[in-house]
>>> print(open('input.txt').read())   # compact mmCIF, C-alpha atoms
# COMPACT_ATOMS: atom_id res chain seq x y z
CA MET A 1 -23.47 -51.24 -50.60
CA PRO A 2 -20.49 -48.98 -51.36
CA ARG A 3 -19.40 -48.41 -54.95
CA PRO A 4 -16.48 -50.48 -56.25
CA LEU A 5 -13.23 -48.67 -55.56
CA LYS A 6 -11.25 -47.19 -58.41
CA PRO A 7 -7.44 -47.45 -58.29
CA THR A 8 -6.14 -45.04 -55.66
CA ASP A 9 -4.37 -42.87 -58.27
CA SER A 10 -7.71 -42.37 -60.06
CA LEU A 11 -9.45 -41.54 -56.77
CA ILE A 12 -6.81 -38.90 -56.04
CA GLU A 13 -7.31 -37.35 -59.49
CA ASP A 14 -11.09 -37.24 -58.89
CA TYR A 15 -10.47 -35.70 -55.47
CA GLU A 16 -8.24 -33.02 -57.00
CA ALA A 17 -11.00 -32.15 -59.50
CA TYR A 18 -13.48 -32.02 -56.60
CA LEU A 19 -11.26 -29.59 -54.69
CA LEU A 20 -10.88 -27.36 -57.73
CA LEU A 21 -14.45 -27.36 -59.01
CA GLU A 22 -16.58 -27.80 -55.91
CA ARG A 23 -14.51 -26.54 -52.98
CA GLY A 24 -12.89 -23.66 -54.86
CA LEU A 25 -9.70 -23.90 -52.77
CA SER A 26 -6.54 -22.02 -53.67
CA GLY A 27 -3.96 -23.61 -55.95
CA ASN A 28 -1.41 -24.02 -53.14
CA THR A 29 -3.97 -25.66 -50.85
CA ASN A 30 -5.01 -28.04 -53.64
CA ILE A 31 -1.39 -29.05 -54.19
CA SER A 32 -0.82 -29.55 -50.45
CA TYR A 33 -3.98 -31.64 -50.04
CA ARG A 34 -3.09 -33.80 -53.03
CA ASN A 35 0.46 -34.34 -51.75
CA ASP A 36 -0.85 -35.30 -48.31
CA VAL A 37 -3.27 -37.85 -49.78
CA SER A 38 -0.49 -39.18 -52.04
CA HIS A 39 1.67 -39.82 -48.94
CA LEU A 40 -1.26 -41.66 -47.36
CA ALA A 41 -1.72 -43.68 -50.58
CA GLU A 42 1.93 -44.81 -50.47
CA PHE A 43 1.51 -45.76 -46.80
CA MET A 44 -1.61 -47.80 -47.69
CA GLU A 45 0.16 -49.54 -50.56
CA GLU A 46 3.05 -50.55 -48.30
CA ARG A 47 0.57 -51.98 -45.80
CA GLY A 48 -1.68 -53.67 -48.39
CA LEU A 49 -4.59 -51.34 -47.51
CA ASN A 50 -7.06 -49.26 -49.51
CA PRO A 51 -9.38 -46.36 -48.56
CA ALA A 52 -12.24 -48.78 -47.80
CA SER A 53 -10.16 -51.03 -45.51
CA LEU A 54 -8.26 -48.23 -43.73
CA THR A 55 -9.20 -48.03 -40.04
CA GLN A 56 -8.90 -45.26 -37.48
CA SER A 57 -5.97 -47.16 -35.97
CA ASP A 58 -4.19 -47.27 -39.36
CA LEU A 59 -4.73 -43.54 -39.79
CA HIS A 60 -3.37 -42.89 -36.30
CA GLU A 61 -0.22 -44.85 -37.25
CA PHE A 62 0.23 -42.78 -40.40
CA LEU A 63 -0.20 -39.51 -38.49
CA THR A 64 2.29 -40.72 -35.87
CA LEU A 65 4.87 -41.19 -38.64
CA VAL A 66 4.12 -37.67 -39.86
CA HIS A 67 4.50 -36.33 -36.33
CA GLU A 68 7.89 -38.04 -35.96
CA LEU A 69 9.10 -36.24 -39.08
CA GLY A 70 9.18 -33.10 -36.93
CA ILE A 71 6.51 -31.37 -39.03
CA SER A 72 5.04 -28.30 -37.32
CA ALA A 73 1.68 -28.41 -35.53
CA ARG A 74 0.28 -26.03 -38.12
CA SER A 75 1.31 -28.30 -41.02
CA GLN A 76 -0.04 -31.35 -39.20
CA ALA A 77 -3.38 -29.60 -38.75
CA ARG A 78 -3.49 -28.75 -42.45
CA MET A 79 -2.62 -32.32 -43.38
CA LEU A 80 -5.36 -33.73 -41.15
CA SER A 81 -7.81 -31.24 -42.65
CA GLY A 82 -6.90 -32.47 -46.15
CA LEU A 83 -7.27 -36.12 -45.19
CA LYS A 84 -10.66 -35.47 -43.57
CA SER A 85 -11.73 -33.68 -46.73
CA PHE A 86 -10.60 -36.68 -48.81
CA PHE A 87 -12.61 -39.15 -46.74
CA LYS A 88 -15.69 -36.87 -46.83
CA PHE A 89 -15.32 -36.86 -50.62
CA LEU A 90 -15.12 -40.68 -50.68
CA MET A 91 -18.25 -40.90 -48.52
CA ALA A 92 -20.15 -38.39 -50.66
CA GLU A 93 -19.24 -40.40 -53.76
CA GLY A 94 -20.36 -43.65 -52.10
CA TYR A 95 -16.95 -45.36 -52.04
CA ILE A 96 -16.87 -45.83 -48.24
CA GLU A 97 -19.57 -46.16 -45.58
CA GLU A 98 -17.49 -45.13 -42.53
CA ASN A 99 -15.09 -42.21 -42.20
CA PRO A 100 -11.90 -43.32 -40.35
CA SER A 101 -10.84 -39.69 -39.83
CA GLU A 102 -14.08 -38.51 -38.20
CA PHE A 103 -12.96 -38.62 -34.56
CA ILE A 104 -9.21 -38.03 -35.02
CA GLU A 105 -7.76 -34.87 -33.50
CA THR A 106 -4.42 -33.30 -34.29
CA PRO A 107 -1.85 -34.92 -31.94
CA LYS A 108 -0.12 -32.72 -29.38
CA LEU A 109 3.53 -32.12 -30.15
CA THR A 110 6.29 -32.88 -27.71
CA ARG A 111 9.88 -32.30 -28.73
CA LYS A 112 12.38 -34.66 -27.11
CA LEU A 113 15.99 -35.54 -27.68
CA PRO A 114 15.99 -38.62 -29.89
CA GLU A 115 16.77 -42.00 -28.45
CA VAL A 116 20.21 -43.55 -28.98
CA LEU A 117 20.39 -47.14 -30.18
CA SER A 118 23.17 -49.52 -29.24
CA VAL A 119 25.15 -51.27 -31.98
CA GLU A 120 23.38 -54.49 -30.94
CA GLU A 121 19.97 -52.88 -31.44
CA ILE A 122 20.94 -51.61 -34.90
CA ASP A 123 22.21 -55.08 -35.80
CA ALA A 124 18.91 -56.51 -34.53
CA MET A 125 16.98 -54.14 -36.83
CA ILE A 126 19.04 -55.33 -39.80
CA GLY A 127 18.59 -58.95 -38.72
CA SER A 128 14.81 -58.46 -38.55
CA LEU A 129 14.54 -57.71 -42.29
CA PRO A 130 12.78 -60.71 -43.91
CA PRO A 131 15.31 -62.48 -46.19
CA ASP A 132 12.55 -63.58 -48.58
CA LYS A 133 11.41 -60.03 -49.40
CA GLU A 134 13.04 -58.16 -52.30
CA GLU A 135 12.83 -54.79 -50.54
CA SER A 136 14.93 -56.09 -47.62
CA LEU A 137 18.15 -55.50 -49.57
CA ARG A 138 17.13 -51.90 -50.25
CA ASN A 139 16.03 -51.41 -46.64
CA HIS A 140 19.32 -52.83 -45.33
CA ALA A 141 21.20 -50.33 -47.50
CA ILE A 142 18.98 -47.51 -46.19
CA ILE A 143 19.72 -48.42 -42.56
CA GLU A 144 23.45 -48.59 -43.31
CA MET A 145 23.39 -45.15 -44.97
CA LEU A 146 21.46 -43.52 -42.11
CA TYR A 147 23.60 -45.05 -39.38
CA GLY A 148 26.93 -45.41 -41.23
CA SER A 149 26.92 -41.92 -42.78
CA GLY A 150 24.63 -39.93 -40.47
CA LEU A 151 22.41 -38.70 -43.30
CA ARG A 152 19.30 -36.62 -42.73
CA VAL A 153 16.18 -38.34 -44.06
CA SER A 154 15.78 -35.54 -46.64
CA GLU A 155 19.35 -36.18 -47.83
CA LEU A 156 18.67 -39.90 -48.11
CA VAL A 157 15.51 -39.59 -50.24
CA ASP A 158 17.34 -37.16 -52.55
CA ALA A 159 20.57 -39.23 -52.81
CA ARG A 160 21.65 -39.31 -56.49
CA ILE A 161 23.43 -42.09 -58.35
CA SER A 162 25.36 -39.47 -60.35
CA ARG A 163 26.80 -38.10 -57.09
CA LEU A 164 27.84 -41.47 -55.76
CA ASP A 165 31.40 -42.80 -55.98
CA LEU A 166 31.48 -46.38 -54.72
CA LYS A 167 35.20 -46.76 -55.44
CA GLU A 168 36.15 -43.75 -53.32
CA LEU A 169 33.32 -44.51 -50.85
CA LEU A 170 31.88 -40.99 -51.10
CA LEU A 171 28.50 -39.38 -51.71
CA ILE A 172 27.81 -35.69 -52.41
CA VAL A 173 24.63 -34.59 -50.63
CA GLU A 174 22.73 -31.33 -50.54
CA GLY A 175 21.97 -30.43 -46.94
CA LYS A 176 20.13 -27.55 -45.32
CA GLY A 177 20.38 -24.24 -47.13
CA SER A 178 21.29 -26.09 -50.37
CA LYS A 179 24.84 -26.53 -49.06
CA GLU A 180 26.71 -29.48 -50.51
CA ARG A 181 29.08 -31.71 -48.57
CA LEU A 182 31.03 -34.92 -49.08
CA VAL A 183 29.77 -37.81 -46.98
CA PRO A 184 31.88 -40.96 -46.42
CA ILE A 185 30.15 -44.30 -47.10
CA SER A 186 31.03 -47.48 -45.24
CA PRO A 187 32.32 -50.44 -47.26
CA VAL A 188 29.28 -52.40 -46.01
CA ALA A 189 26.92 -49.75 -47.39
CA ALA A 190 28.84 -49.63 -50.71
CA SER A 191 28.55 -53.39 -51.12
CA LEU A 192 24.81 -53.31 -50.39
CA ILE A 193 24.30 -50.41 -52.80
CA GLU A 194 26.07 -52.32 -55.58
CA GLU A 195 23.65 -55.22 -55.06
CA TRP A 196 20.68 -52.86 -54.82
CA LEU A 197 21.64 -51.12 -58.10
CA GLN A 198 21.42 -54.49 -59.87
CA GLN A 199 17.97 -55.08 -58.37
CA ARG A 200 16.97 -51.49 -59.13
CA SER A 201 17.85 -51.94 -62.83
CA LEU A 202 15.00 -54.45 -63.13
CA LEU A 203 12.37 -51.89 -62.08
CA LYS A 204 10.24 -49.90 -64.47
CA ILE A 205 11.64 -46.55 -63.38
CA LYS A 206 9.50 -43.39 -63.45
CA PRO A 207 11.00 -40.33 -65.21
CA ASN A 208 11.47 -38.51 -61.88
CA GLY A 209 13.36 -41.50 -60.46
CA ASN A 210 16.06 -41.96 -63.10
CA ASP A 211 18.91 -40.59 -60.97
CA ILE A 212 17.41 -41.23 -57.52
CA LEU A 213 19.22 -43.97 -55.59
CA PHE A 214 16.38 -45.45 -53.55
CA LEU A 215 13.06 -46.22 -55.26
CA ASN A 216 9.84 -47.97 -54.31
CA ARG A 217 8.43 -51.03 -56.07
CA ARG A 218 6.76 -48.81 -58.68
CA GLY A 219 10.06 -47.21 -59.67
CA ALA A 220 9.27 -43.86 -58.02
CA PRO A 221 11.40 -42.05 -55.41
CA LEU A 222 10.72 -43.02 -51.81
CA THR A 223 9.15 -40.32 -49.64
CA ARG A 224 10.29 -39.24 -46.18
CA VAL A 225 7.14 -40.81 -44.73
CA MET A 226 8.01 -44.18 -46.24
CA ILE A 227 11.57 -44.05 -44.89
CA PHE A 228 10.07 -43.43 -41.46
CA TYR A 229 7.75 -46.40 -41.91
CA ILE A 230 10.61 -48.69 -43.01
CA ILE A 231 12.73 -47.76 -39.98
CA LYS A 232 9.83 -47.92 -37.53
CA GLN A 233 8.75 -51.35 -38.81
CA ALA A 234 12.31 -52.74 -38.61
CA ALA A 235 12.61 -51.53 -35.00
CA GLU A 236 9.27 -53.09 -34.06
CA MET A 237 10.20 -56.40 -35.71
CA ALA A 238 13.48 -56.34 -33.77
CA GLY A 239 11.52 -55.98 -30.52
CA ILE A 240 12.95 -52.53 -29.74
CA LYS A 241 10.68 -50.61 -27.36
CA LYS A 242 12.30 -47.21 -27.91
CA THR A 243 10.78 -44.58 -30.19
CA VAL A 244 12.86 -45.11 -33.35
CA SER A 245 12.99 -42.94 -36.47
CA PRO A 246 15.59 -42.20 -39.17
CA HIS A 247 16.84 -39.35 -36.96
CA THR A 248 17.50 -41.92 -34.21
CA LEU A 249 20.04 -43.58 -36.52
CA ARG A 250 21.66 -40.22 -37.34
CA HIS A 251 21.81 -39.37 -33.64
CA SER A 252 23.25 -42.81 -32.84
CA PHE A 253 25.89 -42.33 -35.58
CA ALA A 254 27.05 -39.08 -33.98
CA THR A 255 26.85 -40.31 -30.39
CA HIS A 256 28.81 -43.47 -31.16
CA LEU A 257 31.49 -41.39 -32.90
CA LEU A 258 31.77 -39.11 -29.88
CA GLU A 259 31.94 -42.04 -27.48
CA GLY A 260 34.63 -43.61 -29.67
CA GLY A 261 36.78 -40.52 -29.30
CA ALA A 262 36.04 -38.67 -32.57
CA ASN A 263 36.78 -34.94 -32.66
CA LEU A 264 33.66 -32.78 -32.25
CA ARG A 265 34.65 -30.62 -35.23
CA ALA A 266 34.89 -33.73 -37.43
CA ILE A 267 31.43 -34.84 -36.25
CA GLN A 268 30.12 -31.34 -37.01
CA GLU A 269 31.45 -31.58 -40.57
CA MET A 270 30.03 -35.06 -41.13
CA LEU A 271 26.60 -34.01 -39.85
CA GLY A 272 26.60 -30.84 -41.94
CA HIS A 273 26.01 -28.54 -38.96
CA GLU A 274 26.80 -24.91 -39.64
CA SER A 275 27.61 -24.15 -36.00
CA ILE A 276 29.56 -26.25 -33.51
CA SER A 277 27.00 -25.23 -30.86
CA THR A 278 24.35 -27.17 -32.80
CA THR A 279 26.53 -30.27 -32.65
CA GLU A 280 27.11 -29.81 -28.93
CA LEU A 281 23.36 -29.55 -28.30
CA TYR A 282 22.60 -32.41 -30.66
CA LEU A 283 24.91 -34.87 -28.98
CA HIS A 284 24.47 -36.05 -25.44
CA MET A 285 27.00 -38.19 -23.66
CA ASP A 286 25.78 -41.26 -21.86
CA ARG A 287 25.81 -40.49 -18.14
CA GLY A 288 27.01 -43.98 -17.29
CA ARG A 289 30.00 -43.52 -19.58
CA LEU A 290 30.85 -40.16 -17.99
CA ARG A 291 30.74 -41.75 -14.54
CA ARG A 292 33.04 -44.56 -15.69
CA GLU A 293 35.49 -41.98 -17.07
CA LEU A 294 35.53 -40.23 -13.69
CA LEU A 295 35.96 -43.50 -11.80
CA ASP A 296 38.85 -44.50 -14.05
CA HIS A 297 40.70 -41.20 -14.31
CA HIS A 298 39.80 -38.70 -11.55
CA PRO A 299 41.70 -39.19 -8.25
CA HIS A 300 38.78 -38.09 -6.06
CA PHE A 301 36.47 -40.67 -7.69
CA ARG A 302 38.79 -43.65 -7.36
CA SER A 303 37.87 -46.09 -4.66
CA VAL A 304 40.37 -46.18 -1.78
>>> encode(input="input.txt", output="structure tokens")
Amino acid sequence: MPRPLKPTDSLIEDYEAYLLLERGLSGNTNISYRNDVSHLAEFMEERGLNPASLTQSDLHEFLTLVHELGISARSQARMLSGLKSFFKFLMAEGYIEENPSEFIETPKLTRKLPEVLSVEEIDAMIGSLPPDKEESLRNHAIIEMLYGSGLRVSELVDARISRLDLKELLLIVEGKGSKERLVPISPVAASLIEEWLQQRSLLKIKPNGNDILFLNRRGAPLTRVMIFYIIKQAAEMAGIKKTVSPHTLRHSFATHLLEGGANLRAIQEMLGHESISTTELYLHMDRGRLRRELLDHHPHFRSV
């Protein structure tokens, strides 16, 4: 019989001591391994799982989310190494009888252009949020910010209340290279954020979450992994078969602007791209739309 499980936070503290005292790993590796296990712990909490109930399939789902973050193969390998070490520790201590990470290999990376969602698909994702769950209001606001403002997931998790102006419908974000920019917010997103701030005020907020806009149920900042999980789950509940991530919403934001006739330079500024060539590569026009434009406007394509 396995030992009764401690709370996951306590298990992680014991694991950190094990890494320091018994494995003798470097300080940076210890920090990385602890962070990786903490991300897994948040994933388990969101799914109602614990280390003893986690299956190989659950772990595959978590690693798929990590892969979709665009993390390098090297970092993924390190993360998997840390998770395997954690489960070996749990087995050695008698907390689990089977190791869900034993036969998992680092997934092969393939880099593709992200999918583009239609407005109807994005509406379906929003409509799939369960009305009886408190976090649905927060998740609706998150979807609106990703699609309505084209934020990077890193910019979303670091969004600050002190940098938010709901009257002027603006948010100051810190993008790549610590460069700040003003991001417009849709009236829909502003209204949802106002409601969310009321709900947020009822949480017991952690010290590191005081100025962070989006928090989890424990009052701590959401991680990038959890934003990926929220978006992926909403897409699945909406019956969308495409591979959907927060970047899909950012890509859809830009593509829909381009298709609506927005200036490429304006899109570049809103996305926070340093070079216009990045924006040109990032966006891809729908081939069907291009053909329709030719049929409508080019004399050699018009039917006789």
>>> atom_distance(input="input.txt", atom1="atom CA of A:Ser252", atom2="atom CA of A:Val116")
5.0 Å
>>> closest_residue(input="input.txt", among="A:Ile122, A:Met226, A:Val173, A:Ile205", to="A:Gly239", atoms="all atoms listed in the file")
A:Ile122
>>> closest_residue(input="input.txt", among="A:Ile142, A:Val188, A:Leu213, A:Ala92", to="A:Asp158", atoms="all atoms listed in the file")
A:Leu213
>>> atom_distance(input="input.txt", atom1="atom CA of A:Glu168", atom2="atom CA of A:Gln198")
19.4 Å
>>> atom_distance(input="input.txt", atom1="atom CA of A:Asp211", atom2="atom CA of A:Ala254")
28.2 Å
>>> closest_residue(input="input.txt", among="A:Thr255, A:Thr29, A:Ser178, A:Ser154", to="A:Ser81", atoms="all atoms listed in the file")
A:Thr29
>>> closest_residue(input="input.txt", among="A:Leu117, A:Ile104, A:Val157, A:Met270", to="A:Ile212", atoms="only C-alpha atoms")
A:Val157
>>> residues_around(input="input.txt", residues="A:Arg3", least_positions_apart="3", cutoff="8 Å", atoms="all atoms listed in the file", output="list in words")
Gly94, Tyr95 and Ile96 of chain A
>>> write_last_selection(input="input.txt", atoms="C-alpha atoms", output="short mmCIF file (atom, residue, chain, number, x, y, z; two decimals), in the coordinates of the input")
data_model
loop_
_atom_site.label_atom_id
_atom_site.label_comp_id
_atom_site.auth_asym_id
_atom_site.auth_seq_id
_atom_site.Cartn_x
_atom_site.Cartn_y
_atom_site.Cartn_z
CA GLY A 94 -20.36 -43.65 -52.10
CA TYR A 95 -16.95 -45.36 -52.04
CA ILE A 96 -16.87 -45.83 -48.24
#
>>> residues_around(input="input.txt", residues="stretch 34-43 of chain A", least_positions_apart="6", cutoff="10 Å", atoms="all atoms listed in the file", output="number ranges by chain")
A: 8-9, 12-13, 15-16, 19, 28, 49-51, 58-59, 61-63, 65-66, 76, 78-87, 216, 222-226, 229
>>> residues_around(input="input.txt", residues="A:Pro130", least_positions_apart="3", cutoff="12 Å", atoms="only C-alpha atoms", output="PyMOL selection string")
chain A and resi 124-127+133-140+233-234+237-238
>>> closest_residue(input="input.txt", among="A:Gly219, A:Gly261, A:Pro207, A:Gly148", to="A:Ile185", atoms="all atoms listed in the file")
A:Gly148
